[in-house]
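Below you'll find the structure, written out as structure tokens, and then a few comments.
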Amino acid sequence: MKIQLIHFGPSTKTCLLTVPDMWFIMKKFSHKYICFYLLLFFLFPLLSYSAPVEPTHPVYDYLQRIAIKFDLPAFYLNTRPLQKQDIQGALKAIESVSVELNQWEREKFHYYRREFFTTSRKEISKLIYQKDERELIGSSSFHLMFFSQDSLPVSQQYGLAHLQLNIEGKLFSQLGFVSSVTFAQERALEAQYAEHYQAWRGLPYNTPEKADSKKDHYSLETYDAFRMVLCYQKEQYTLEVGNDWNQWGPGIWQHPSFAQNSWAWVQDSLEVKNAFESEQNFNPDSTRYYHHAQARRGYRSPGERAPLVMVRGTANWEFLKYSKFIGQRTGLSYDHSSHITGHRLEVGWKNFSVGVYEMLVFSRENMEWTYALPFVSLFIAEHMTGDRDNVAMGLDMQIILWNKLRLYAELFLDDMVSPLSLFEDYWGNKSAISVGGELIDPFVDNTVLQFEYARVEPWVYSHHVYDNQFQQLGNTMGSLLPPNAHMVNIRWRLDLLPGYFVSAAYRFYQHQHLDKGSSLFDVHELDDPETKNFLGQGPETRHDITTRFGYHWSHYIKTSCLTGYQYTDNWRSAEGMSLEGMLLGAEVQLRY
């Protein structure tokens with residue numbers, strides 16, 4: 001059995017599990033957990049090691065592409081992250097059809113073989129140490145980005161730079177780890193970003209507690225971030241404990257349940273408010289809790305949310321995959337202990353798969369142990385504990401046709417009166433959907449055409465109990481969209497040797513800001529309407545057209561530039577206020 005253990009430290013500034021960290025764990029978690037963690041510790045010597053691969057790693061897109069073209073199993077890609085051992089197995093399967101790969105696909109195949117098979121790692125990293133069973137592999141990356149937007153309603157120019165240090169190690173055949181720590185800084189030419197660091201309000205900064213009295217905002221922000229995992233796996237079973245991401249479902253952009261990216265570009269459309277209430281006036285029972293409209297969007301890079309501290313287990317059989325996790329969220333107030341648990345079961349064949357899942361959030365000090373049991377319905381367990389918590393369920397499926405086309409759909413059910421009334425206008429029928437597809441090599445080799453539509457009904461992700469929203473650090477767990485919104489994404493991409501690519505994309509987005517139920521922090525009260533009004537009067541409407549050109553040189557350099565145009569009507573639901581402007585961006589990533 002292989003397991004992963006992740007760092008439990010209280011700060012993103014360290015990756016060392018020290019004595020203070022252990023004391024923090026004991027205080028932060030119920031004493032019931034301690035016995036379980038000690039049991040894991042004593043199990044470590046019995047197990048072997050395989051590291052998890054971050055859900056947004058580009059190898060997943062490559063595996064998906066090859067699986068579509070060559071009739072290989074693809075359903076296992078819908079529950080991420082996978083272990084490095086699973087990626088290696090997929091690459092070995094691709095090797096059996098390597099003679100059918102075109103030149104670009106073959107080049108990418110050899111590239112990922114060098115990255116994921118240890119015997120070839122010296123080709124892409126000189127920071128490697130191997131002796132007997134011990135192994136340490138180090139790498140680093142430097143990411144520099146500039147973005148300019150001449151709209152909404154004034155221009156925005158900001159730059160982001162972060163240095164990430166990575167290390168992967170195997171001390172013995174029984175114990176290993178993967179870890180990364182990031183040091184980053186963002187500078188804006190306009191003073192319109194976050195005022196100070198308050199993690200429970202979704203601002204991942206460690207700047208001073210109070211802003212300068214002469215300025216309303218800082219134009220320079222710094223922050224640190226980390227991810228660390230110890231993993232153990234044997235055959236088809238995996239057990240992990242740590243600080244990591246989950247991603248569920250077959251979608252490309254929009255995942256109603258879990259994803260590493262959330263609110264990547266629409267967060268600045270939330271209701272206008274220059275600052276939160278002061279700490280003295282902060283009322284945790286407030287029926288309306290505003291997210292900062294101008295906060296930077298991201299954890300290490302724009303659009304990325306922070307990982308969860310969690311315990312996670314996975315069983316992966318030939319046609320069946322089951323995963324279960326228990327995690328700790330960051331609450332919206334100082335004293336709330338907020339948790340989340342969920343499980344997912346997926347059945348799949350080469351060209352078809354169906355996944356079902358449940359997830360539950362609660363903000364009580366102690367957790368019901370029923371929630372931790374695998375294969376126990378969270379929907380039933382939540383009723384047995386008195387209906388105090390927020391439970392949701394979901395269904396997704398995908399089908400691959402003609403070795404060229406993948407179609408998929410996801411349905412998220414936050415709440416409903418009954419299945420027969422799901423699509424009625426009663427406010428308590430809360431659901432989100434995402435449907436889409438991708439076409440491989442339409443007309444020209446090495447191209448992909450992707451389409452996706454997503455819709456989030458009013459009141460989705462919210463709850464009548466404060467801090468029981470589906471959120472962490474003030475963001476949804478995975479959705480790109482806030483409640484009462486929908487979006488269309490269309491993208492075309494062409495890859496060329498030796499490492500060039502060009503892409504074009506169109507996005508259509510609408511969101512109603514003013515109606516209650518348009519924010520996950522809203523609480524439905526007795527005097528609120530019993531019916532929901534999707535989008536309502538005068539929703540904000542955006543059209544984005546962008547093109548991107550880039551060049552990747554082996555493992556070491558990745559560059560890209562973006563140009564585009566954006567038109568916005570009824571900006572922040574202010575009728576008649578239309579804006580338009582150009583978009584310009586550039587990125588450079590150096591890796592060693």
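Residue names in the structure tokens use chain letters A, B, ... in the order shown, residue numbers from 1 in each chain, and ligand numbers from 1 in the order shown.
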
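The neighbours of Phe75 of chain A here are the residues that come within 10 Å of it, using only C-alpha atoms and leaving out any residue fewer than 3 positions away in the same chain; they are A:Gln64, A:Ala67, A:Leu72, A:Asn78, A:Thr79, A:Gly249, A:Pro250, A:Phe319, A:Leu320, A:Lys321, A:Glu346, A:Val347, A:Gly348, A:Trp349, A:Lys350, A:Asn351, A:Phe352, A:Ser353, A:Val354, A:Gly355, A:Met397, A:Gln398, A:Ile399.
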
Convert the current residue selection to file output with C-alpha atoms, as a CSV table (one decimal), in the first residue's frame.
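Output below, filename result.csv:
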```csv
chain,number,residue,atom,x,y,z
A,64,GLN,CA,-6.0,12.9,-22.7
A,67,ALA,CA,-6.2,8.4,-25.2
A,72,LEU,CA,-6.7,4.0,-24.6
A,78,ASN,CA,-11.0,12.6,-14.3
A,79,THR,CA,-10.0,12.2,-10.6
A,249,GLY,CA,-14.7,15.8,-13.4
A,250,PRO,CA,-13.9,15.7,-17.1
A,319,PHE,CA,-12.7,-0.4,-14.4
A,320,LEU,CA,-13.4,1.4,-11.1
A,321,LYS,CA,-11.9,4.2,-9.2
A,346,GLU,CA,-16.1,6.5,-11.2
A,347,VAL,CA,-16.8,3.6,-13.5
A,348,GLY,CA,-15.1,3.7,-16.9
A,349,TRP,CA,-14.2,1.8,-20.1
A,350,LYS,CA,-12.1,2.9,-23.0
A,351,ASN,CA,-14.6,5.3,-24.6
A,352,PHE,CA,-17.2,6.0,-21.8
A,353,SER,CA,-17.2,6.8,-18.1
A,354,VAL,CA,-19.7,7.9,-15.4
A,355,GLY,CA,-18.7,9.5,-12.1
A,397,MET,CA,-19.9,11.6,-17.7
A,398,GLN,CA,-17.8,11.5,-20.9
A,399,ILE,CA,-17.8,9.7,-24.1
```

Query raised in the report: Counting only C-alpha atoms, what is within 9 Å of Gln260 of chain A, bar same-chain residues fewer than 4 positions away, as a PyMOL selection string?
Result: chain A and resi 54-56+245-247+303-307+477-478

Would you put the residues from that selection into a file with all heavy atoms, as a short mmCIF file (atom, residue, chain, number, x, y, z; two decimals), in the first residue's frame?
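File written: result22.cif
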```cif
data_model
loop_
_atom_site.label_atom_id
_atom_site.label_comp_id
_atom_site.auth_asym_id
_atom_site.auth_seq_id
_atom_site.Cartn_x
_atom_site.Cartn_y
_atom_site.Cartn_z
N GLU A 54 0.84 17.29 -9.69
CA GLU A 54 -0.09 18.41 -9.54
C GLU A 54 -1.17 18.39 -10.63
O GLU A 54 -0.88 18.12 -11.79
CB GLU A 54 0.69 19.72 -9.61
CG GLU A 54 0.09 20.83 -8.81
CD GLU A 54 1.03 22.02 -8.70
OE1 GLU A 54 2.16 21.86 -8.19
OE2 GLU A 54 0.62 23.11 -9.12
N PRO A 55 -2.45 18.67 -10.27
CA PRO A 55 -3.56 18.51 -11.23
C PRO A 55 -3.43 19.33 -12.50
O PRO A 55 -4.01 18.95 -13.52
CB PRO A 55 -4.78 18.95 -10.41
CG PRO A 55 -4.41 18.71 -8.99
CD PRO A 55 -2.94 19.00 -8.91
N THR A 56 -2.72 20.45 -12.48
CA THR A 56 -2.62 21.29 -13.67
C THR A 56 -1.36 21.00 -14.49
O THR A 56 -1.07 21.74 -15.43
CB THR A 56 -2.62 22.78 -13.27
OG1 THR A 56 -1.57 23.01 -12.32
CG2 THR A 56 -3.95 23.19 -12.67
N TRP A 245 -4.09 19.68 -3.78
CA TRP A 245 -5.32 20.02 -4.50
C TRP A 245 -6.06 18.76 -4.92
O TRP A 245 -5.46 17.70 -5.12
CB TRP A 245 -5.00 20.81 -5.77
CG TRP A 245 -4.47 22.18 -5.55
CD1 TRP A 245 -5.17 23.33 -5.37
CD2 TRP A 245 -3.09 22.57 -5.52
NE1 TRP A 245 -4.34 24.42 -5.22
CE2 TRP A 245 -3.05 23.97 -5.31
CE3 TRP A 245 -1.89 21.89 -5.65
CZ2 TRP A 245 -1.86 24.68 -5.23
CZ3 TRP A 245 -0.71 22.59 -5.56
CH2 TRP A 245 -0.70 23.98 -5.35
N ASN A 246 -7.37 18.89 -5.10
CA ASN A 246 -8.19 17.87 -5.74
C ASN A 246 -8.80 18.48 -7.00
O ASN A 246 -9.09 19.68 -7.04
CB ASN A 246 -9.33 17.41 -4.83
CG ASN A 246 -8.83 16.64 -3.63
OD1 ASN A 246 -7.98 15.78 -3.74
ND2 ASN A 246 -9.36 16.97 -2.46
N GLN A 247 -9.02 17.64 -7.99
CA GLN A 247 -9.77 18.08 -9.17
C GLN A 247 -10.65 16.92 -9.62
O GLN A 247 -10.16 15.83 -9.88
CB GLN A 247 -8.84 18.51 -10.31
CG GLN A 247 -9.59 19.01 -11.54
CD GLN A 247 -8.70 19.75 -12.51
OE1 GLN A 247 -8.08 20.75 -12.16
NE2 GLN A 247 -8.63 19.27 -13.73
N GLY A 303 -5.52 33.14 -10.56
CA GLY A 303 -6.53 32.12 -10.75
C GLY A 303 -6.33 30.86 -9.93
O GLY A 303 -7.21 30.01 -9.88
N GLU A 304 -5.20 30.73 -9.26
CA GLU A 304 -4.95 29.51 -8.51
C GLU A 304 -5.37 29.69 -7.07
O GLU A 304 -5.07 30.69 -6.44
CB GLU A 304 -3.47 29.15 -8.56
CG GLU A 304 -3.17 27.83 -7.87
CD GLU A 304 -1.68 27.51 -7.88
OE1 GLU A 304 -0.89 28.36 -7.48
OE2 GLU A 304 -1.33 26.40 -8.30
N ARG A 305 -6.09 28.72 -6.53
CA ARG A 305 -6.49 28.79 -5.13
C ARG A 305 -5.52 27.97 -4.30
O ARG A 305 -4.79 27.12 -4.79
CB ARG A 305 -7.91 28.27 -4.94
CG ARG A 305 -8.09 26.78 -5.20
CD ARG A 305 -9.44 26.31 -4.68
NE ARG A 305 -9.64 24.90 -4.93
CZ ARG A 305 -9.16 23.94 -4.15
NH1 ARG A 305 -8.42 24.25 -3.11
NH2 ARG A 305 -9.38 22.67 -4.42
N ALA A 306 -5.52 28.24 -2.99
CA ALA A 306 -4.61 27.56 -2.09
C ALA A 306 -5.02 26.10 -1.92
O ALA A 306 -6.19 25.75 -2.02
CB ALA A 306 -4.62 28.26 -0.73
N PRO A 307 -4.07 25.21 -1.65
CA PRO A 307 -4.39 23.79 -1.45
C PRO A 307 -5.03 23.56 -0.07
O PRO A 307 -5.02 24.43 0.79
CB PRO A 307 -3.04 23.09 -1.56
CG PRO A 307 -2.05 24.13 -1.13
CD PRO A 307 -2.62 25.45 -1.58
N MET A 477 -14.66 26.36 -4.24
CA MET A 477 -13.71 25.25 -4.20
C MET A 477 -13.15 24.93 -5.59
O MET A 477 -12.05 24.44 -5.71
CB MET A 477 -14.37 24.00 -3.61
CG MET A 477 -15.03 24.23 -2.26
SD MET A 477 -13.87 24.80 -1.00
CE MET A 477 -12.79 23.41 -0.88
N GLY A 478 -13.93 25.18 -6.63
CA GLY A 478 -13.42 24.87 -7.94
C GLY A 478 -14.01 25.68 -9.07
O GLY A 478 -13.42 25.80 -10.12
#
```

Query raised in the report: Contacts of Pro52 of chain A at 8 Å or less, counting only C-alpha atoms, minus same-chain residues fewer than 2 places along, as a PyMOL selection string?
Result: chain A and resi 50+54+81-84+178+229+231

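Counting only C-alpha atoms and comparing A:Phe116, A:Glu100, A:Arg406, A:Gly169, the residue that lies closest to Gln130 of chain A is A:Gly169.
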
**Report entry** Nearest to Trp459 of chain A by atom-to-atom distance, counting only C-alpha atoms, from A:Asp495, A:Asp528, A:Glu105, A:Asp396
**Finding:** A:Asp528

**Report entry** Who sits within 9 Å of Asn429 of chain A, only C-alpha atoms, same chain under 4 positions skipped, as a ChimeraX atom specification
**Finding:** /A:413-418,421-425,457,459-460,532

**Report entry** Contacts of Thr182 of chain A at 6 Å (only C-alpha atoms; same-chain gap of 3+ positions) as an MDAnalysis selection string
**Finding:** chainID A and resid 163:164 224:225
